[in-house]
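Chemist: You'll find model18.cif just under this line, and it carries mmCIF, C-alpha atoms and all ligand atoms.
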```
data_target
#
loop_
_atom_site.label_atom_id
_atom_site.label_comp_id
_atom_site.auth_asym_id
_atom_site.auth_seq_id
_atom_site.Cartn_x
_atom_site.Cartn_y
_atom_site.Cartn_z
CA MET W 1 -0.34 71.74 88.49
CA SER W 2 3.25 72.46 89.36
CA VAL W 3 6.40 72.14 87.34
CA THR W 4 9.78 72.38 89.00
CA GLN W 5 12.59 73.08 86.63
CA THR W 6 15.49 70.85 87.42
CA GLU W 7 17.89 70.65 84.51
CA THR W 8 18.51 72.31 81.15
CA VAL W 9 21.04 70.83 78.75
CA ARG W 10 22.06 72.85 75.73
CA VAL W 11 22.41 70.63 72.70
CA THR W 12 24.86 71.97 70.14
CA SER W 13 27.18 69.06 69.48
CA GLU W 14 26.99 65.32 69.45
CA PRO W 15 28.43 64.60 72.96
CA ASP W 16 25.60 66.76 74.38
CA ILE W 17 23.25 63.89 73.44
CA VAL W 18 24.99 61.74 76.05
CA THR W 19 24.85 64.53 78.65
CA ALA W 20 21.12 65.04 78.01
CA ARG W 21 20.20 61.36 78.29
CA GLN W 22 22.27 60.88 81.43
CA LYS W 23 20.72 63.95 83.09
CA ALA W 24 17.25 62.66 82.20
CA ARG W 25 18.10 59.29 83.68
CA GLN W 26 19.41 60.94 86.87
CA VAL W 27 16.27 63.04 87.34
CA ALA W 28 14.03 60.03 86.60
CA LYS W 29 15.88 58.05 89.24
CA GLN W 30 15.53 60.87 91.80
CA ILE W 31 11.79 61.06 91.16
CA GLY W 32 11.60 57.35 91.88
CA PHE W 33 11.08 55.76 88.45
CA SER W 34 11.83 52.04 88.13
CA MET W 35 14.96 50.96 86.29
CA VAL W 36 13.06 50.08 83.12
CA ASN W 37 11.30 53.44 83.09
CA GLN W 38 14.55 55.33 83.76
CA ILE W 39 15.98 53.62 80.69
CA LYS W 40 12.90 54.30 78.56
CA ILE W 41 13.01 58.00 79.49
CA ALA W 42 16.75 58.30 78.88
CA THR W 43 16.48 56.50 75.53
CA GLY W 44 13.64 58.78 74.42
CA VAL W 45 15.68 61.86 75.35
CA SER W 46 18.57 60.44 73.36
CA GLU W 47 16.37 60.17 70.26
CA LEU W 48 15.01 63.70 70.61
CA ALA W 49 18.42 65.23 71.34
CA ARG W 50 19.86 63.48 68.30
CA ASN W 51 17.10 64.92 66.15
CA ILE W 52 18.15 68.40 67.35
CA ILE W 53 21.69 67.65 66.15
CA LYS W 54 20.64 65.98 62.90
CA TYR W 55 17.76 68.18 61.82
CA GLY W 56 17.27 71.00 64.30
CA GLY W 57 20.16 73.16 63.15
CA SER W 58 22.41 71.76 65.90
CA ASP W 59 21.26 74.36 68.36
CA GLY W 60 18.61 73.56 70.86
CA GLN W 61 17.98 72.46 74.39
CA VAL W 62 16.51 69.71 76.48
CA GLU W 63 14.67 70.81 79.60
CA ILE W 64 13.96 68.18 82.20
CA SER W 65 11.48 68.99 84.96
CA VAL W 66 9.44 67.37 87.67
CA ARG W 67 5.70 67.70 87.11
CA GLU W 68 3.02 67.31 89.75
CA GLU W 69 -0.68 67.27 88.99
CA ASN W 70 -3.71 65.98 90.94
CA GLY W 71 -1.44 64.09 93.30
CA LYS W 72 0.41 62.47 90.40
CA LYS W 73 4.11 62.94 89.84
CA GLY W 74 6.00 62.65 86.59
CA ILE W 75 8.87 63.81 84.45
CA LEU W 76 8.38 66.49 81.82
CA ILE W 77 10.80 66.72 78.91
CA VAL W 78 10.82 69.65 76.50
CA CYS W 79 13.21 69.49 73.54
CA SER W 80 13.31 72.60 71.42
CA ASP W 81 15.33 73.99 68.56
CA GLN W 82 15.29 76.92 66.15
CA GLY W 83 15.97 74.76 63.11
CA PRO W 84 14.07 74.50 59.82
CA GLY W 85 10.99 72.95 61.40
CA ILE W 86 8.90 69.99 60.21
CA GLU W 87 6.56 70.50 57.28
CA ASP W 88 4.32 67.50 57.83
CA ILE W 89 4.25 66.37 61.45
CA ASP W 90 1.87 63.45 60.82
CA GLN W 91 4.27 62.07 58.25
CA ALA W 92 7.29 62.57 60.56
CA MET W 93 5.42 60.61 63.25
CA GLN W 94 5.03 57.55 61.03
CA ASP W 95 7.15 54.51 61.79
CA GLY W 96 9.88 54.22 59.20
CA TYR W 97 9.58 57.75 57.87
CA THR W 98 13.00 59.38 57.61
CA THR W 99 14.54 62.12 55.51
CA ALA W 100 18.11 61.17 56.33
CA GLY W 101 18.43 57.43 55.95
CA GLY W 102 17.63 56.78 59.60
CA LEU W 103 15.28 54.08 60.79
CA GLY W 104 12.50 56.60 61.26
CA ALA W 105 12.06 55.17 64.74
CA GLY W 106 12.98 58.23 66.78
CA LEU W 107 9.70 60.15 67.01
CA PRO W 108 7.14 57.30 66.92
CA GLY W 109 9.35 55.14 69.13
CA THR W 110 9.78 57.87 71.73
CA LYS W 111 6.01 58.39 71.71
CA ARG W 112 5.63 54.70 72.65
CA LEU W 113 8.21 55.02 75.42
CA MET W 114 6.44 58.00 77.04
CA ASP W 115 2.87 58.56 78.30
CA GLU W 116 2.23 61.90 76.64
CA PHE W 117 3.88 63.18 73.49
CA LYS W 118 3.38 66.29 71.38
CA VAL W 119 5.28 67.78 68.45
CA GLU W 120 4.84 71.45 67.60
CA SER W 121 6.71 72.92 64.70
CA THR W 122 6.70 75.98 62.48
CA VAL W 123 8.61 75.84 59.23
CA GLY W 124 11.46 78.31 59.34
CA GLU W 125 11.15 78.81 63.08
CA GLY W 126 11.83 75.53 64.80
CA THR W 127 10.47 72.50 66.56
CA THR W 128 9.42 71.74 70.11
CA VAL W 129 8.75 68.21 71.29
CA THR W 130 7.10 67.94 74.68
CA CYS W 131 6.68 64.63 76.44
CA CYS W 132 5.84 63.34 79.85
CA LYS W 133 5.94 60.09 81.73
CA TRP W 134 4.01 59.57 84.95
CA LEU W 135 5.41 57.70 87.90
CA MET M 1 41.13 60.06 71.24
CA GLU M 2 39.25 57.73 73.55
CA ARG M 3 39.15 54.11 72.36
CA ILE M 4 37.30 50.98 73.38
CA PRO M 5 39.85 48.15 73.79
CA ILE M 6 39.60 45.08 71.59
CA ILE M 7 41.29 41.90 72.78
CA LYS M 8 41.87 38.63 70.99
CA ILE M 9 41.01 35.41 72.80
CA GLU M 10 41.11 31.97 71.14
CA GLY M 11 40.95 33.52 67.69
CA MET M 12 37.98 35.71 68.59
CA LEU M 13 37.82 39.44 69.14
CA VAL M 14 36.29 40.35 72.48
CA ILE M 15 34.97 43.82 73.21
CA SER M 16 33.42 44.85 76.49
CA VAL M 17 31.77 48.23 76.26
CA GLN M 18 31.99 49.91 79.67
CA THR M 19 30.95 53.51 78.98
CA ASP M 20 27.93 55.21 77.51
CA LEU M 21 29.12 55.61 73.91
CA HIS M 22 28.64 58.87 72.10
CA ASP M 23 28.11 58.59 68.36
CA LYS M 24 31.69 59.19 67.22
CA LEU M 25 33.04 56.68 69.69
CA ALA M 26 30.52 54.08 68.50
CA LEU M 27 31.57 54.64 64.89
CA GLN M 28 35.24 54.53 65.89
CA LEU M 29 34.63 51.19 67.56
CA GLN M 30 32.94 49.91 64.41
CA GLU M 31 35.95 50.92 62.32
CA ASP M 32 38.40 49.45 64.84
CA ILE M 33 36.56 46.12 64.86
CA LEU M 34 36.64 45.89 61.06
CA ASN M 35 40.34 46.77 60.96
CA HIS M 36 41.07 44.16 63.64
CA ILE M 37 39.24 41.50 61.64
CA GLN M 38 41.37 42.30 58.65
CA ASP M 39 44.63 42.40 60.62
CA THR M 40 44.06 39.28 62.72
CA GLY M 41 41.85 37.13 60.52
CA ALA M 42 39.51 36.67 63.49
CA ARG M 43 36.36 34.79 62.57
CA GLY M 44 34.31 35.58 65.66
CA ILE M 45 33.42 38.83 67.42
CA LEU M 46 31.94 38.97 70.89
CA ILE M 47 30.51 42.31 72.02
CA ASP M 48 29.56 42.52 75.68
CA LEU M 49 26.98 45.18 76.51
CA SER M 50 26.26 44.15 80.10
CA ALA M 51 27.49 47.50 81.44
CA ILE M 52 25.42 49.51 78.95
CA ASP M 53 21.98 50.75 79.83
CA ILE M 54 21.10 53.07 76.98
CA VAL M 55 20.89 51.68 73.45
CA ASP M 56 19.04 54.11 71.22
CA SER M 57 18.25 53.84 67.52
CA PHE M 58 21.68 55.12 66.53
CA MET M 59 23.55 52.66 68.72
CA GLY M 60 21.22 49.87 67.58
CA ARG M 61 21.94 50.67 63.98
CA VAL M 62 25.72 50.83 64.54
CA LEU M 63 25.60 47.42 66.21
CA SER M 64 23.64 45.72 63.46
CA ASP M 65 25.67 47.46 60.73
CA THR M 66 28.87 46.30 62.41
CA ALA M 67 27.63 42.71 62.48
CA HIS M 68 26.72 42.87 58.79
CA MET M 69 30.04 44.46 57.80
CA ALA M 70 31.97 41.90 59.87
CA ARG M 71 30.01 39.17 58.07
CA ILE M 72 31.21 40.48 54.74
CA LEU M 73 34.77 40.22 56.07
CA GLY M 74 34.09 36.62 57.08
CA ALA M 75 33.49 37.08 60.79
CA THR M 76 30.43 36.27 62.88
CA THR M 77 29.28 38.68 65.61
CA VAL M 78 27.49 37.76 68.80
CA ILE M 79 26.21 40.47 71.13
CA VAL M 80 25.94 39.43 74.76
CA GLY M 81 24.72 40.79 78.07
CA ILE M 82 21.89 43.01 76.88
CA GLN M 83 20.02 43.97 80.05
CA PRO M 84 16.32 43.05 80.22
CA GLU M 85 15.35 46.73 80.61
CA VAL M 86 17.34 47.57 77.49
CA ALA M 87 15.66 44.76 75.55
CA ILE M 88 12.20 46.05 76.56
CA THR M 89 13.13 49.59 75.52
CA LEU M 90 14.62 48.48 72.18
CA VAL M 91 11.50 46.59 71.19
CA GLU M 92 9.19 49.42 72.23
CA LEU M 93 11.32 51.85 70.27
CA GLY M 94 10.90 49.61 67.25
CA LEU M 95 14.37 48.11 66.89
CA ASP M 96 14.83 44.39 66.54
CA LEU M 97 18.59 44.02 65.91
CA GLN M 98 17.59 41.89 62.97
CA GLY M 99 20.18 39.47 61.72
CA VAL M 100 22.35 39.88 64.80
CA HIS M 101 23.21 36.87 66.95
CA VAL M 102 22.66 37.44 70.64
CA ALA M 103 23.36 35.43 73.77
CA LEU M 104 22.55 35.92 77.42
CA ASN M 105 26.13 36.26 78.66
CA ALA M 106 29.76 36.05 77.54
CA ASP M 107 30.07 32.32 78.31
CA ARG M 108 27.08 31.43 76.18
CA GLY M 109 28.23 33.88 73.54
CA MET M 110 31.57 32.10 73.23
CA ASP M 111 29.78 28.74 72.99
CA LEU M 112 27.50 30.13 70.29
CA LEU M 113 30.45 31.53 68.32
CA ARG M 114 32.25 28.16 68.44
CA GLN M 115 29.08 26.37 67.41
CA LEU M 116 28.41 28.76 64.52
CA GLN M 117 31.98 28.30 63.35
CA ARG M 118 31.70 24.53 63.48
CA GLU M 119 28.59 24.81 61.38
CA GLY M 120 30.55 26.91 58.91
CA PHE M 121 28.84 30.27 59.41
N1 LIG W 201 13.96 68.67 65.45
C1 LIG W 201 13.63 68.45 64.17
N2 LIG W 201 13.68 69.44 63.24
C2 LIG W 201 13.35 69.22 61.94
N3 LIG W 201 12.98 68.00 61.46
C3 LIG W 201 12.90 66.97 62.33
C4 LIG W 201 13.23 67.12 63.71
N4 LIG W 201 13.05 65.92 64.32
C5 LIG W 201 12.66 65.06 63.36
N5 LIG W 201 12.56 65.69 62.16
C6 LIG W 201 12.10 65.07 60.88
O1 LIG W 201 11.29 63.95 61.18
C7 LIG W 201 11.80 62.76 60.56
C8 LIG W 201 11.54 61.57 61.45
O2 LIG W 201 12.31 61.66 62.65
P1 LIG W 201 12.65 60.33 63.46
O3 LIG W 201 13.50 60.70 64.63
O4 LIG W 201 11.38 59.63 63.72
O5 LIG W 201 13.47 59.47 62.41
P2 LIG W 201 14.97 59.66 61.90
O6 LIG W 201 15.71 60.62 62.78
O7 LIG W 201 14.93 60.01 60.45
O8 LIG W 201 15.57 58.22 62.08
P3 LIG W 201 16.07 57.57 63.46
O9 LIG W 201 15.64 58.46 64.58
O10 LIG W 201 15.42 56.24 63.52
O11 LIG W 201 17.55 57.51 63.32
C9 LIG W 201 13.28 63.06 60.33
O12 LIG W 201 13.81 62.30 59.28
C10 LIG W 201 13.26 64.56 60.04
O13 LIG W 201 12.92 64.80 58.69
MG MG W 202 15.68 60.52 64.87
#
```
Would you write the structure of this file as structure tokens?
Modeler:
Amino acid sequence: MSVTQTETVRVTSEPDIVTARQKARQVAKQIGFSMVNQIKIATGVSELARNIIKYGGSDGQVEISVREENGKKGILIVCSDQGPGIEDIDQAMQDGYTTAGGLGAGLPGTKRLMDEFKVESTVGEGTTVTCCKWL
Amino acid sequence: MERIPIIKIEGMLVISVQTDLHDKLALQLQEDILNHIQDTGARGILIDLSAIDIVDSFMGRVLSDTAHMARILGATTVIVGIQPEVAITLVELGLDLQGVHVALNADRGMDLLRQLQREGF
């Protein structure tokens, strides 16, 4: 397995959400993703970056890399923050669950848009969401 | 501050969004549209998204909220030009733009607005 780091976007204020999703789109395009998949990837990154701003203590980052494994190629996205963390990840992953009057679509929706999706979080330490989409 | 232009054509407000909107700009546009409805008495709003390729849950919510708020001020909103890839992504994300009128392109959107107004919506 190989992972080539291509882009890291620091997410500390709201316009960084746009930078992160556009970078993700750019990398997805370079890898050769179709238009619809470029848009799915960029939209997922937008959701995760917004969660960093809304819940993650407004200080985190989005790392976008190219992943190659067993002759397959994909995009790997790691969104991490040092915010308050998520107490109940299963609950946060439910459609419609929100603690801030959102739609609660961000996490479960992004999971649907990607091929692999994992949330790791420690209360008081932060949250890392890792996801991948294969070409 | 950056602003998305709003123009009035045949008693309707027409907005063509040409840049990837960050959250504040999207909310500013919402406020501007509502103020324009009040100032001009416009009864129809046409929002063209044909140049937009990322509509996430925030943007989706701002759009449907705007349509509902405009409705309360007596104006009907039609969103036009949503790209097929964006539609696929929105549905997979779990957004349905419920209660928002949509049309394939600006021409059809204008027709729909006129028709809805004739029908008294
Ligand atoms: N990075 C994070 N740090 C801490 N809590 C988080 C983080 N991301 C998500 N959460 C929690 O998980 C819940 C669900 O997140 P999700 O993105 O699915 O919905 P939402 O942000 O509330 O609404 P939407 O994304 O539809 O606007 C949030 O309400 C929040 O409580
Ligand atoms: Mg969210």
Chemist: Taking only C-alpha atoms and all ligand atoms and a cut-off of 8 Å, can you tell me which residues surround ligand LIG 201 (chain W), written as a CSV table (one decimal) with C-alpha atoms, in the frame of the given file?
Modeler:
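File written: result23.csv
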```csv
chain,number,residue,atom,x,y,z
W,47,GLU,CA,16.4,60.2,70.3
W,48,LEU,CA,15.0,63.7,70.6
W,50,ARG,CA,19.9,63.5,68.3
W,51,ASN,CA,17.1,64.9,66.2
W,52,ILE,CA,18.2,68.4,67.4
W,53,ILE,CA,21.7,67.6,66.2
W,54,LYS,CA,20.6,66.0,62.9
W,55,TYR,CA,17.8,68.2,61.8
W,56,GLY,CA,17.3,71.0,64.3
W,57,GLY,CA,20.2,73.2,63.2
W,80,SER,CA,13.3,72.6,71.4
W,81,ASP,CA,15.3,74.0,68.6
W,83,GLY,CA,16.0,74.8,63.1
W,84,PRO,CA,14.1,74.5,59.8
W,85,GLY,CA,11.0,73.0,61.4
W,86,ILE,CA,8.9,70.0,60.2
W,89,ILE,CA,4.2,66.4,61.4
W,91,GLN,CA,4.3,62.1,58.2
W,92,ALA,CA,7.3,62.6,60.6
W,93,MET,CA,5.4,60.6,63.2
W,94,GLN,CA,5.0,57.6,61.0
W,95,ASP,CA,7.2,54.5,61.8
W,96,GLY,CA,9.9,54.2,59.2
W,97,TYR,CA,9.6,57.8,57.9
W,98,THR,CA,13.0,59.4,57.6
W,99,THR,CA,14.5,62.1,55.5
W,100,ALA,CA,18.1,61.2,56.3
W,101,GLY,CA,18.4,57.4,56.0
W,102,GLY,CA,17.6,56.8,59.6
W,103,LEU,CA,15.3,54.1,60.8
W,104,GLY,CA,12.5,56.6,61.3
W,105,ALA,CA,12.1,55.2,64.7
W,106,GLY,CA,13.0,58.2,66.8
W,107,LEU,CA,9.7,60.2,67.0
W,108,PRO,CA,7.1,57.3,66.9
W,109,GLY,CA,9.4,55.1,69.1
W,121,SER,CA,6.7,72.9,64.7
W,126,GLY,CA,11.8,75.5,64.8
W,127,THR,CA,10.5,72.5,66.6
W,128,THR,CA,9.4,71.7,70.1
W,129,VAL,CA,8.8,68.2,71.3
M,57,SER,CA,18.2,53.8,67.5
M,58,PHE,CA,21.7,55.1,66.5
```
Chemist: May I ask which of the residues M:Leu93, M:Leu25, M:Ile54, M:Ile45 is the closest one to ligand MG 202 (chain W), counting all atoms listed in the file?
Modeler: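 Smallest distance to ligand MG 202 (chain W) is found for M:Leu93.
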Chemist: Find the spatial neighbours of M:Ala51, counting only C-alpha atoms, within a cut-off of 12 Å - ignore same-chain residues fewer than 2 positions away - and output them as a PyMOL selection string.
Modeler: chain M and resi 15-21+47-49+53-55+80-83+86+105
Chemist: Could you name the residues that touch W:Asn37 at 12 Å or less, counting only C-alpha atoms, but leaving out those on the same chain fewer than 3 positions away, as a PyMOL selection string?
Modeler: (chain W and resi 24-29+31-34+40-44+74-75+112-115+132-135) or (chain M and resi 53-54+84-86+88-89+92)
Chemist: Give the answer as one residue: which of M:Asp56, M:Asp96, M:Glu10, M:Asp65 has the shortest atom-to-atom distance to W:Val18, using all atoms listed in the file?
Modeler: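 For W:Val18, the nearest of the candidates is M:Asp56.
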Chemist: For each of M:Val91, M:Met59, M:Val14, M:Ala70, take the minimum atom-to-atom distance to ligand MG 202 (chain W), counting all atoms listed in the file, then give the residue where this is smallest.
Modeler: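 Among M:Val91, M:Met59, M:Val14, M:Ala70, it is M:Met59 that comes nearest to ligand MG 202 (chain W).
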Chemist: Pick from W:Gly71, W:Asp16, W:Gly60, W:Ser65: nearest to chain M, with all atoms listed in the file counted?
Modeler: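 Of W:Gly71, W:Asp16, W:Gly60, W:Ser65, the one nearest chain M is W:Asp16, counting all atoms listed in the file.
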Chemist: When you count all atoms listed in the file, which of these residues is closest to chain W: M:Leu73, M:Ala87, M:Leu46, M:Leu116?
Modeler: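 Smallest distance to chain W is found for M:Ala87.
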Chemist: Which residue out of M:Glu119, M:Glu2, M:Leu34, M:Arg61 has the minimum interatomic distance to ligand MG 202 (chain W) when only C-alpha atoms and all ligand atoms are used?
Modeler: M:Arg61
Chemist: Report, in Å to a single decimal, how far apart atom CA of W:Asn70 and atom CA of W:Thr110 are.
Modeler: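 Atom-to-atom, atom CA of W:Thr110 and atom CA of W:Asn70 are spaced 24.8 Å apart.
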Chemist: Report, in Å with one decimal, the straight-line distance from atom CA of W:Thr8 to atom CA of W:Glu68.
Modeler: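 Between atom CA of W:Thr8 and atom CA of W:Glu68 the gap works out to 18.4 Å.
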Chemist: Can you work out the spacing between atom CA of W:Gln22 and atom CA of M:Asp32 in Å, to one decimal?
Modeler: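 Between atom CA of W:Gln22 and atom CA of M:Asp32 the gap is 25.8 Å.
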Chemist: Show me, as lines of an AutoDock Vina configuration file, the centre and edge lengths in Å to one decimal of the axis-aligned box that covers every listed atom of stretch 24-33 of chain M with 5 Å on each side.
Modeler:
```
center_x = 34.5
center_y = 52.7
center_z = 66.0
size_x = 17.9
size_y = 23.1
size_z = 17.4
```
Chemist: Take the point (18.6, 41.0, 60.3) as written in the file and pick out every residue within 12 Å of it, counting only C-alpha atoms; give the list as an NGL selection string.
Modeler: :M and (60-61 or 63-68 or 71 or 95-102)
